[in-house]
file upload.pdb (PDB, C-alpha atoms)
ATOM      1  CA  MET O   1      17.753 -13.169  -4.714
ATOM      2  CA  SER O   2      20.440 -10.639  -5.661
ATOM      3  CA  TYR O   3      19.515  -7.026  -6.369
ATOM      4  CA  ASN O   4      21.107  -4.543  -8.742
ATOM      5  CA  PHE O   5      19.266  -1.342  -7.897
ATOM      6  CA  LYS O   6      20.907   0.702 -10.620
ATOM      7  CA  GLU O   7      19.625  -1.833 -13.119
ATOM      8  CA  ILE O   8      16.168  -1.890 -11.505
ATOM      9  CA  MET O   9      15.817   1.902 -11.665
ATOM     10  CA  SER O  10      16.869   1.945 -15.325
ATOM     11  CA  ARG O  11      14.136  -0.473 -16.428
ATOM     12  CA  PRO O  12      11.535   0.944 -18.845
ATOM     13  CA  GLU O  13       8.472   2.458 -17.210
ATOM     14  CA  ARG O  14       5.359   0.262 -17.346
ATOM     15  CA  LEU O  15       3.143   3.132 -16.187
ATOM     16  CA  ALA O  16       3.624   5.857 -18.760
ATOM     17  CA  PRO O  17       3.786   9.579 -17.960
ATOM     18  CA  GLY O  18       0.931  11.753 -19.105
ATOM     19  CA  HIS O  19      -1.722  10.369 -16.737
ATOM     20  CA  ARG O  20      -3.840  12.780 -14.712
ATOM     21  CA  MET O  21      -2.832  11.877 -11.144
ATOM     22  CA  CYS O  22      -1.971  14.811  -8.874
ATOM     23  CA  ALA O  23       1.613  16.050  -8.821
ATOM     24  CA  GLY O  24       3.461  14.205  -6.077
ATOM     25  CA  CYS O  25       0.798  11.496  -5.729
ATOM     26  CA  GLY O  26       1.995   8.563  -3.624
ATOM     27  CA  GLY O  27      -0.200   6.097  -5.507
ATOM     28  CA  THR O  28       1.612   6.405  -8.824
ATOM     29  CA  ILE O  29       5.004   6.354  -7.096
ATOM     30  CA  ALA O  30       3.965   3.040  -5.542
ATOM     31  CA  ALA O  31       2.712   1.578  -8.837
ATOM     32  CA  ARG O  32       5.770   2.577 -10.863
ATOM     33  CA  ASN O  33       8.165   1.051  -8.361
ATOM     34  CA  VAL O  34       6.200  -2.174  -7.900
ATOM     35  CA  LEU O  35       6.161  -2.716 -11.668
ATOM     36  CA  ARG O  36       9.934  -2.202 -11.828
ATOM     37  CA  ALA O  37      10.234  -5.506  -9.946
ATOM     38  CA  LEU O  38       8.963  -7.427 -12.985
ATOM     39  CA  HIS O  39      11.777  -9.271 -14.734
ATOM     40  CA  GLU O  40      12.669  -8.388 -18.290
ATOM     41  CA  GLY O  41      10.562 -10.376 -20.727
ATOM     42  CA  ASP O  42       7.790 -11.157 -18.236
ATOM     43  CA  HIS O  43       4.321  -9.892 -19.078
ATOM     44  CA  ALA O  44       1.766  -8.630 -16.593
ATOM     45  CA  VAL O  45      -1.977  -8.321 -16.320
ATOM     46  CA  ILE O  46      -2.880  -5.313 -14.189
ATOM     47  CA  GLY O  47      -6.151  -5.165 -12.291
ATOM     48  CA  ASN O  48      -7.373  -1.901 -10.791
ATOM     49  CA  ALA O  49     -10.200  -1.183  -8.395
ATOM     50  CA  THR O  50     -12.155   2.011  -8.900
ATOM     51  CA  GLY O  51     -10.338   4.955  -7.364
ATOM     52  CA  CYS O  52      -7.928   7.809  -8.032
ATOM     53  CA  MET O  53      -5.542   5.621  -9.989
ATOM     54  CA  GLU O  54      -8.240   4.135 -12.213
ATOM     55  CA  VAL O  55      -9.969   7.369 -13.184
ATOM     56  CA  SER O  56      -6.645   9.128 -13.805
ATOM     57  CA  THR O  57      -4.706   6.466 -15.731
ATOM     58  CA  PHE O  58      -7.444   5.032 -17.930
ATOM     59  CA  MET O  59     -10.098   6.677 -20.053
ATOM     60  CA  TYR O  60     -11.285   4.404 -22.852
ATOM     61  CA  PRO O  61      -9.694   4.000 -25.343
ATOM     62  CA  TYR O  62      -6.611   5.597 -23.762
ATOM     63  CA  THR O  63      -4.465   4.058 -21.032
ATOM     64  CA  ALA O  64      -1.195   4.905 -19.274
ATOM     65  CA  TRP O  65      -0.559   1.195 -18.565
ATOM     66  CA  LYS O  66       1.808  -0.594 -20.946
ATOM     67  CA  ASP O  67       0.681  -4.053 -19.827
ATOM     68  CA  SER O  68      -2.774  -5.588 -20.194
ATOM     69  CA  TYR O  69      -5.163  -3.659 -17.954
ATOM     70  CA  ILE O  70      -8.569  -4.377 -16.441
ATOM     71  CA  HIS O  71     -10.677  -1.880 -14.539
ATOM     72  CA  ASN O  72     -13.466  -3.473 -12.548
ATOM     73  CA  ALA O  73     -16.061  -2.335 -10.049
ATOM     74  CA  PHE O  74     -14.888  -0.932  -6.719
ATOM     75  CA  GLU O  75     -15.634  -4.156  -4.845
ATOM     76  CA  ASN O  76     -14.343  -6.741  -7.328
ATOM     77  CA  ALA O  77     -10.585  -6.297  -7.801
ATOM     78  CA  GLY O  78      -9.644  -9.515  -5.984
ATOM     79  CA  ALA O  79     -12.312 -11.570  -7.748
ATOM     80  CA  THR O  80     -11.407 -10.188 -11.173
ATOM     81  CA  ILE O  81      -7.672 -10.836 -10.992
ATOM     82  CA  SER O  82      -8.191 -14.315  -9.523
ATOM     83  CA  GLY O  83     -10.532 -15.112 -12.414
ATOM     84  CA  VAL O  84      -7.953 -13.951 -14.940
ATOM     85  CA  GLU O  85      -5.255 -16.028 -13.244
ATOM     86  CA  GLY O  86      -7.549 -19.053 -13.343
ATOM     87  CA  ALA O  87      -8.300 -18.519 -17.038
ATOM     88  CA  TYR O  88      -4.569 -18.210 -17.769
ATOM     89  CA  ASN O  89      -3.870 -21.554 -16.080
ATOM     90  CA  ALA O  90      -6.702 -23.213 -18.017
ATOM     91  CA  LEU O  91      -5.390 -21.912 -21.338
ATOM     92  CA  LYS O  92      -1.885 -23.087 -20.440
ATOM     93  CA  ARG O  93      -3.163 -26.583 -19.695
ATOM     94  CA  LYS O  94      -4.944 -26.684 -23.067
ATOM     95  CA  GLY O  95      -1.806 -25.597 -24.894
ATOM     96  CA  LYS O  96      -3.406 -22.377 -26.128
ATOM     97  CA  LEU O  97      -0.631 -20.133 -24.745
ATOM     98  CA  LYS O  98       3.065 -20.181 -25.506
ATOM     99  CA  GLU O  99       4.989 -22.209 -22.947
ATOM    100  CA  ASP O 100       7.909 -19.782 -22.921
ATOM    101  CA  GLU O 101       5.762 -16.750 -22.028
ATOM    102  CA  THR O 102       5.330 -15.827 -18.367
ATOM    103  CA  TYR O 103       2.490 -13.661 -17.110
ATOM    104  CA  LYS O 104       2.235 -12.155 -13.646
ATOM    105  CA  PHE O 105      -1.009 -10.902 -12.147
ATOM    106  CA  ILE O 106      -0.998  -7.688 -10.106
ATOM    107  CA  THR O 107      -3.924  -5.694  -8.788
ATOM    108  CA  PHE O 108      -3.810  -2.171  -7.378
ATOM    109  CA  GLY O 109      -6.393  -0.657  -5.064
ATOM    110  CA  GLY O 110      -6.570   2.256  -2.669
ATOM    111  CA  ASP O 111      -7.489   1.732   0.954
ATOM    112  CA  GLY O 112     -11.150   2.408   0.230
ATOM    113  CA  GLY O 113     -11.231  -0.375  -2.355
ATOM    114  CA  THR O 114      -9.075  -2.682  -0.228
ATOM    115  CA  TYR O 115      -9.725  -2.185   3.485
ATOM    116  CA  ASP O 116     -13.440  -1.587   2.973
ATOM    117  CA  ILE O 117     -15.464  -2.062  -0.201
ATOM    118  CA  GLY O 118     -13.238  -4.693  -1.828
ATOM    119  CA  PHE O 119     -12.292  -6.639   1.271
ATOM    120  CA  GLN O 120     -14.738  -9.486   0.660
ATOM    121  CA  SER O 121     -13.399 -10.349  -2.810
ATOM    122  CA  LEU O 122      -9.786  -9.887  -1.675
ATOM    123  CA  SER O 123     -10.363 -12.214   1.281
ATOM    124  CA  GLY O 124     -11.885 -14.865  -0.981
ATOM    125  CA  ALA O 125      -9.110 -14.624  -3.578
ATOM    126  CA  VAL O 126      -6.272 -14.999  -1.063
ATOM    127  CA  GLU O 127      -8.085 -17.777   0.798
ATOM    128  CA  ARG O 128      -8.148 -19.699  -2.494
ATOM    129  CA  ASN O 129      -4.427 -18.875  -2.824
ATOM    130  CA  HIS O 130      -4.494 -17.685  -6.417
ATOM    131  CA  ASP O 131      -1.043 -16.806  -7.744
ATOM    132  CA  PHE O 132      -1.281 -13.012  -7.789
ATOM    133  CA  VAL O 133      -0.189  -9.894  -5.902
ATOM    134  CA  TYR O 134      -2.615  -7.425  -4.393
ATOM    135  CA  VAL O 135      -1.035  -4.011  -3.870
ATOM    136  CA  CYS O 136      -2.820  -1.543  -1.622
ATOM    137  CA  TYR O 137      -1.647   2.045  -2.024
ATOM    138  CA  ASP O 138      -2.800   3.230   1.378
ATOM    139  CA  ASN O 139      -3.427   6.980   1.429
ATOM    140  CA  GLY O 140      -5.698   6.787   4.446
ATOM    141  CA  ALA O 141      -9.058   7.963   3.061
ATOM    142  CA  TYR O 142     -11.409   7.930   0.061
ATOM    143  CA  MET O 143      -9.393  10.596  -1.731
ATOM    144  CA  ASN O 144     -10.992  10.236  -5.176
ATOM    145  CA  THR O 145     -14.438  11.276  -3.973
ATOM    146  CA  GLY O 146     -13.550  14.078  -1.598
ATOM    147  CA  ILE O 147     -11.375  12.858   1.299
ATOM    148  CA  GLN O 148     -13.950  10.833   3.258
ATOM    149  CA  ARG O 149     -12.740   8.604   6.094
ATOM    150  CA  SER O 150     -12.003   4.923   5.493
ATOM    151  CA  SER O 151     -11.126   2.198   7.973
ATOM    152  CA  ALA O 152      -7.484   2.971   7.116
ATOM    153  CA  THR O 153      -7.846   6.580   8.256
ATOM    154  CA  PRO O 154      -5.770   7.239  11.397
ATOM    155  CA  MET O 155      -7.417   8.161  14.671
ATOM    156  CA  TYR O 156      -8.231  11.890  15.028
ATOM    157  CA  ALA O 157      -7.672  12.669  11.336
ATOM    158  CA  ASP O 158      -9.747  15.519   9.935
ATOM    159  CA  THR O 159     -11.737  14.336   6.886
ATOM    160  CA  THR O 160     -14.903  15.544   5.200
ATOM    161  CA  THR O 161     -16.951  12.868   6.999
ATOM    162  CA  THR O 162     -15.084  13.189  10.322
ATOM    163  CA  PRO O 163     -14.692  16.972  10.406
ATOM    164  CA  VAL O 164     -12.947  18.636  13.312
ATOM    165  CA  GLY O 165     -15.110  21.098  15.223
ATOM    166  CA  SER O 166     -16.493  22.028  18.608
ATOM    167  CA  VAL O 167     -17.981  18.545  19.159
ATOM    168  CA  SER O 168     -15.532  16.399  17.149
ATOM    169  CA  SER O 169     -11.788  15.766  17.288
ATOM    170  CA  GLY O 170     -11.740  13.948  13.949
ATOM    171  CA  LYS O 171     -12.130  10.230  13.357
ATOM    172  CA  PRO O 172     -12.724   8.578  16.753
ATOM    173  CA  GLN O 173     -11.650   5.036  15.819
ATOM    174  CA  ASN O 174      -8.206   3.475  15.382
ATOM    175  CA  ARG O 175      -7.159   2.467  11.876
ATOM    176  CA  LYS O 176      -7.678  -1.136  10.791
ATOM    177  CA  ASP O 177      -4.540  -3.319  10.802
ATOM    178  CA  LEU O 178      -5.147  -4.867   7.389
ATOM    179  CA  THR O 179      -1.677  -6.312   6.838
ATOM    180  CA  ASN O 180      -2.032  -8.567   9.866
ATOM    181  CA  ILE O 181      -5.589  -9.475   8.861
ATOM    182  CA  LEU O 182      -4.234 -10.712   5.510
ATOM    183  CA  VAL O 183      -1.495 -12.650   7.317
ATOM    184  CA  GLU O 184      -4.237 -14.513   9.194
ATOM    185  CA  HIS O 185      -5.450 -15.848   5.828
ATOM    186  CA  ASP O 186      -2.315 -18.041   5.870
ATOM    187  CA  ILE O 187      -0.947 -16.649   2.621
ATOM    188  CA  PRO O 188       2.651 -17.273   1.497
ATOM    189  CA  TYR O 189       3.759 -13.631   1.606
ATOM    190  CA  ALA O 190       2.632 -10.310   3.068
ATOM    191  CA  ALA O 191       4.595  -7.130   3.677
ATOM    192  CA  GLN O 192       4.361  -3.490   4.659
ATOM    193  CA  THR O 193       6.569  -0.835   3.059
ATOM    194  CA  THR O 194       6.750   2.792   1.914
ATOM    195  CA  PHE O 195       9.110   5.235   0.185
ATOM    196  CA  VAL O 196      12.291   5.047   2.252
ATOM    197  CA  GLN O 197      15.891   3.823   1.843
ATOM    198  CA  ASN O 198      15.996   4.987  -1.797
ATOM    199  CA  PHE O 199      13.099   2.562  -2.420
ATOM    200  CA  LYS O 200      15.289  -0.438  -1.572
ATOM    201  CA  ASP O 201      12.757  -1.906   0.854
ATOM    202  CA  LEU O 202       9.910  -1.486  -1.644
ATOM    203  CA  HIS O 203      11.894  -3.039  -4.512
ATOM    204  CA  ILE O 204      12.943  -6.087  -2.505
ATOM    205  CA  LYS O 205       9.429  -6.747  -1.220
ATOM    206  CA  ALA O 206       7.756  -6.150  -4.577
ATOM    207  CA  GLU O 207      10.006  -8.710  -6.274
ATOM    208  CA  LYS O 208       9.408 -11.221  -3.478
ATOM    209  CA  ALA O 209       5.657 -10.702  -3.735
ATOM    210  CA  ILE O 210       5.541 -11.051  -7.528
ATOM    211  CA  TYR O 211       7.756 -14.136  -7.660
ATOM    212  CA  THR O 212       6.351 -15.962  -4.630
ATOM    213  CA  LYS O 213       4.061 -18.774  -5.740
ATOM    214  CA  GLY O 214       0.557 -18.155  -4.460
ATOM    215  CA  ALA O 215      -1.250 -15.146  -3.037
ATOM    216  CA  ALA O 216       0.797 -12.158  -1.872
ATOM    217  CA  PHE O 217      -0.185  -8.830  -0.320
ATOM    218  CA  LEU O 218       1.758  -5.567  -0.315
ATOM    219  CA  ASN O 219       0.549  -2.680   1.837
ATOM    220  CA  ILE O 220       2.312   0.512   0.763
ATOM    221  CA  MET O 221       1.799   3.769   2.654
ATOM    222  CA  ALA O 222       1.302   6.258  -0.183
ATOM    223  CA  PRO O 223       0.821   9.807   1.141
ATOM    224  CA  CYS O 224      -1.732  12.071  -0.522
ATOM    225  CA  PRO O 225      -0.732  15.758  -0.480
ATOM    226  CA  ARG O 226      -4.324  16.959  -0.827
ATOM    227  CA  GLY O 227      -5.851  14.713   1.813
ATOM    228  CA  TRP O 228      -2.970  14.869   4.284
ATOM    229  CA  ARG O 229      -2.304  18.572   3.628
ATOM    230  CA  TYR O 230       1.488  18.602   3.722
ATOM    231  CA  HIS O 231       3.966  20.467   1.515
ATOM    232  CA  THR O 232       3.968  18.303  -1.625
ATOM    233  CA  PRO O 233       7.770  18.018  -2.124
ATOM    234  CA  ASP O 234       8.102  16.667   1.441
ATOM    235  CA  ILE O 235       6.645  13.228   0.658
ATOM    236  CA  MET O 236       9.881  11.346   1.356
ATOM    237  CA  ASP O 237      10.271  13.144   4.703
ATOM    238  CA  ILE O 238       6.700  12.202   5.630
ATOM    239  CA  CYS O 239       7.370   8.542   4.799
ATOM    240  CA  ASN O 240      10.608   8.549   6.763
ATOM    241  CA  LEU O 241       8.875  10.033   9.817
ATOM    242  CA  ALA O 242       6.132   7.398   9.591
ATOM    243  CA  VAL O 243       8.810   4.704   9.840
ATOM    244  CA  GLU O 244      11.001   6.405  12.468
ATOM    245  CA  THR O 245       7.994   6.994  14.762
ATOM    246  CA  CYS O 246       6.854   3.374  14.204
ATOM    247  CA  TYR O 247       3.487   4.574  12.939
ATOM    248  CA  TRP O 248       4.188   2.567   9.768
ATOM    249  CA  PRO O 249       6.618  -0.267  10.628
ATOM    250  CA  LEU O 250       8.490  -2.046   7.857
ATOM    251  CA  PHE O 251       8.067  -5.819   8.097
ATOM    252  CA  GLU O 252       7.295  -8.916   6.071
ATOM    253  CA  VAL O 253       5.679 -12.243   6.822
ATOM    254  CA  VAL O 254       6.965 -15.283   4.928
ATOM    255  CA  GLU O 255       4.974 -18.508   5.344
ATOM    256  CA  GLY O 256       3.658 -17.229   8.668
ATOM    257  CA  GLU O 257       7.039 -16.117  10.058
ATOM    258  CA  TYR O 258       7.402 -12.424  10.935
ATOM    259  CA  TYR O 259      10.582 -10.529  10.020
ATOM    260  CA  LEU O 260      11.247  -6.929  11.009
ATOM    261  CA  SER O 261      12.799  -5.040   8.098
ATOM    262  CA  TYR O 262      13.914  -1.997  10.063
ATOM    263  CA  GLU O 263      14.081  -0.910  13.700
ATOM    264  CA  PRO O 264      14.754   2.762  14.464
ATOM    265  CA  LYS O 265      17.867   3.414  16.545
ATOM    266  CA  LYS O 266      15.897   6.041  18.429
ATOM    267  CA  LYS O 267      12.122   5.846  18.087
ATOM    268  CA  LEU O 268      10.761   9.341  17.466
ATOM    269  CA  PRO O 269       7.603  10.675  19.153
ATOM    270  CA  ILE O 270       4.453  10.469  17.063
ATOM    271  CA  GLU O 271       4.159  14.270  17.082
ATOM    272  CA  ASP O 272       7.028  14.419  14.591
ATOM    273  CA  PHE O 273       4.936  12.512  12.028
ATOM    274  CA  LEU O 274       1.659  14.299  12.752
ATOM    275  CA  ARG O 275       2.859  17.923  12.945
ATOM    276  CA  PRO O 276       3.608  18.465   9.204
ATOM    277  CA  GLN O 277       0.120  17.287   8.228
ATOM    278  CA  GLY O 278      -2.754  19.755   8.153
ATOM    279  CA  ARG O 279      -5.280  17.005   8.907
ATOM    280  CA  PHE O 280      -3.815  16.805  12.438
ATOM    281  CA  LYS O 281      -3.228  20.499  13.187
ATOM    282  CA  HIS O 282      -6.000  20.515  15.801
ATOM    283  CA  LEU O 283      -4.058  18.038  17.920
ATOM    284  CA  PHE O 284      -1.475  20.721  18.667
ATOM    285  CA  LYS O 285      -3.951  23.215  20.092
ATOM    286  CA  LYS O 286      -3.920  23.853  23.817
ATOM    287  CA  GLY O 287      -6.160  21.386  25.633
ATOM    288  CA  ASN O 288      -5.665  18.543  23.162
ATOM    289  CA  GLU O 289      -2.518  17.111  24.716
ATOM    290  CA  HIS O 290      -4.462  14.057  25.863
ATOM    291  CA  LEU O 291      -5.336  13.220  22.236
ATOM    292  CA  LEU O 292      -1.654  13.076  21.317
ATOM    293  CA  GLU O 293      -1.030  10.859  24.347
ATOM    294  CA  GLU O 294      -3.771   8.450  23.252
ATOM    295  CA  PHE O 295      -2.356   8.359  19.709
ATOM    296  CA  GLN O 296       1.123   7.625  21.074
ATOM    297  CA  LYS O 297      -0.186   4.822  23.293
ATOM    298  CA  GLU O 298      -1.812   3.091  20.326
ATOM    299  CA  VAL O 299       1.328   3.382  18.200
ATOM    300  CA  ASP O 300       3.386   1.964  21.087
ATOM    301  CA  ARG O 301       0.950  -0.903  21.634
ATOM    302  CA  ARG O 302       1.047  -1.993  18.001
ATOM    303  CA  TRP O 303       4.835  -1.623  17.803
ATOM    304  CA  GLU O 304       5.387  -3.795  20.876
ATOM    305  CA  SER O 305       2.972  -6.390  19.506
ATOM    306  CA  LEU O 306       4.914  -6.491  16.230
ATOM    307  CA  LEU O 307       8.263  -6.849  18.027
ATOM    308  CA  LYS O 308       6.922  -9.865  19.928
ATOM    309  CA  LYS O 309       5.756 -11.491  16.697
ATOM    310  CA  CYS O 310       9.125 -10.891  15.043
ATOM    311  CA  LYS O 311      11.016 -12.438  17.961
TER     312      LYS O 311
END
call {"tool": "encode", "arguments": {"input": "upload.pdb", "output": "structure tokens"}}
result
Amino acid sequence: MSYNFKEIMSRPERLAPGHRMCAGCGGTIAARNVLRALHEGDHAVIGNATGCMEVSTFMYPYTAWKDSYIHNAFENAGATISGVEGAYNALKRKGKLKEDETYKFITFGGDGGTYDIGFQSLSGAVERNHDFVYVCYDNGAYMNTGIQRSSATPMYADTTTTPVGSVSSGKPQNRKDLTNILVEHDIPYAAQTTFVQNFKDLHIKAEKAIYTKGAAFLNIMAPCPRGWRYHTPDIMDICNLAVETCYWPLFEVVEGEYYLSYEPKKKLPIEDFLRPQGRFKHLFKKGNEHLLEEFQKEVDRRWESLLKKCK
């Protein structure tokens, strides 16, 4: 594929302004840029699990989505979009749809609706290899209902259900590695990305995901200024630090083969990513040095594992 990024960025918005998402929300940045990967003239059916994006972009009869849109229950995004894709194929076979019209099927869900509540229907849909893309905008907690921990929440993060105090240092468990779990479903395409490189990495992977035949999964780190407690305009810096510290590596898996998209010239210490975020401020108090060391060890372990897979 060849990419004209000036042309991509000038495409009409498919998620209209005027929705009620927070200023600087990573979720809507992810959605807008994924939808830019759709080719001119192609239609889309958008699925959406319950979450911040659903409650803020759709209130019947009003919607910010310019393509066909379906909101479904928290746990059913994968099942719903696979059913729509199946119905589309049936109508095509019966000659009830125009042959020259192309529809793509894309579902968005936060980490709560993807890593946790919706994982069963997502797993079933990709195992059946329906031709659709599931996009997880991973903001690391159940942000819509008050910043509760999810299985995507990083270790030691301060959330309303893993509060930091005299007997707790935040969430005690490591975050789930969902991208690799989806790879183990033997799907044609899976990738991890975020808002770096002027969105080049995201654009390339979104187009690959949408135009790969069969099930595809995009995991996009989408920072939440309220839940992560950083200075809102610094979102791009936060994303860059996640990549440069190898907390959020950029990679893709095509037909089971791993490809590293970016390797830092000098891997930064994890403190650089954690320090700007209020949810980790307790880690920098005297006596908590061992918590930072444990966090660094886990980041290093996962990074080395990924490098081996890519080689």
call {"tool": "atom_distance", "arguments": {"input": "upload.pdb", "atom1": "CA of Ile220 in chain O", "atom2": "CA of Lys309 in chain O"}}
result
20.2 Å
call {"tool": "residues_around", "arguments": {"input": "upload.pdb", "residues": "Cys22 in chain O", "least_positions_apart": "3", "cutoff": "12 Å", "atoms": "all atoms listed in the file", "output": "VMD selection string"}}
result
chain O and resid 17 to 19 25 to 29 52 to 53 55 to 57 143 to 144 223 to 227 232
call {"tool": "residues_around", "arguments": {"input": "upload.pdb", "residues": "Gly165 in chain O", "least_positions_apart": "5", "cutoff": "10 Å", "atoms": "all atoms listed in the file", "output": "PyMOL selection string"}}
result
chain O and resi 158+170+282
call {"tool": "resolve_selection", "arguments": {"input": "upload.pdb", "expression": "the PyMOL selection byres ((chain O and resi 174) around 10)", "output": "count of residues only"}}
result
15
call {"tool": "resolve_selection", "arguments": {"input": "upload.pdb", "expression": "the PyMOL selection byres ((chain O and resi 34-36) around 9)", "output": "PyMOL selection string"}}
result
chain O and resi 8-15+29-33+37-39+44+106+135+202-203+205-207+210
call {"tool": "write_last_selection", "arguments": {"input": "upload.pdb", "atoms": "C-alpha atoms", "output": "mmCIF file, in the coordinates of the input"}}
result
data_model
loop_
_atom_site.group_PDB
_atom_site.id
_atom_site.type_symbol
_atom_site.label_atom_id
_atom_site.label_comp_id
_atom_site.auth_asym_id
_atom_site.auth_seq_id
_atom_site.Cartn_x
_atom_site.Cartn_y
_atom_site.Cartn_z
ATOM 1 C CA ILE O 8 16.168 -1.890 -11.505
ATOM 2 C CA MET O 9 15.817 1.902 -11.665
ATOM 3 C CA SER O 10 16.869 1.945 -15.325
ATOM 4 C CA ARG O 11 14.136 -0.473 -16.428
ATOM 5 C CA PRO O 12 11.535 0.944 -18.845
ATOM 6 C CA GLU O 13 8.472 2.458 -17.210
ATOM 7 C CA ARG O 14 5.359 0.262 -17.346
ATOM 8 C CA LEU O 15 3.143 3.132 -16.187
ATOM 9 C CA ILE O 29 5.004 6.354 -7.096
ATOM 10 C CA ALA O 30 3.965 3.040 -5.542
ATOM 11 C CA ALA O 31 2.712 1.578 -8.837
ATOM 12 C CA ARG O 32 5.770 2.577 -10.863
ATOM 13 C CA ASN O 33 8.165 1.051 -8.361
ATOM 14 C CA ALA O 37 10.234 -5.506 -9.946
ATOM 15 C CA LEU O 38 8.963 -7.427 -12.985
ATOM 16 C CA HIS O 39 11.777 -9.271 -14.734
ATOM 17 C CA ALA O 44 1.766 -8.630 -16.593
ATOM 18 C CA ILE O 106 -0.998 -7.688 -10.106
ATOM 19 C CA VAL O 135 -1.035 -4.011 -3.870
ATOM 20 C CA LEU O 202 9.910 -1.486 -1.644
ATOM 21 C CA HIS O 203 11.894 -3.039 -4.512
ATOM 22 C CA LYS O 205 9.429 -6.747 -1.220
ATOM 23 C CA ALA O 206 7.756 -6.150 -4.577
ATOM 24 C CA GLU O 207 10.006 -8.710 -6.274
ATOM 25 C CA ILE O 210 5.541 -11.051 -7.528
#
call {"tool": "atom_distance", "arguments": {"input": "upload.pdb", "atom1": "CA of Asn198 in chain O", "atom2": "CA of Trp65 in chain O"}}
result
23.9 Å
call {"tool": "resolve_selection", "arguments": {"input": "upload.pdb", "expression": "the PyMOL selection byres ((chain O and resi 108) around 7)", "output": "ChimeraX atom specification"}}
result
/O:47-49,106-107,109,134-136
call {"tool": "atom_distance", "arguments": {"input": "upload.pdb", "atom1": "CA of Arg275 in chain O", "atom2": "CA of Ala157 in chain O"}}
result
11.9 Å
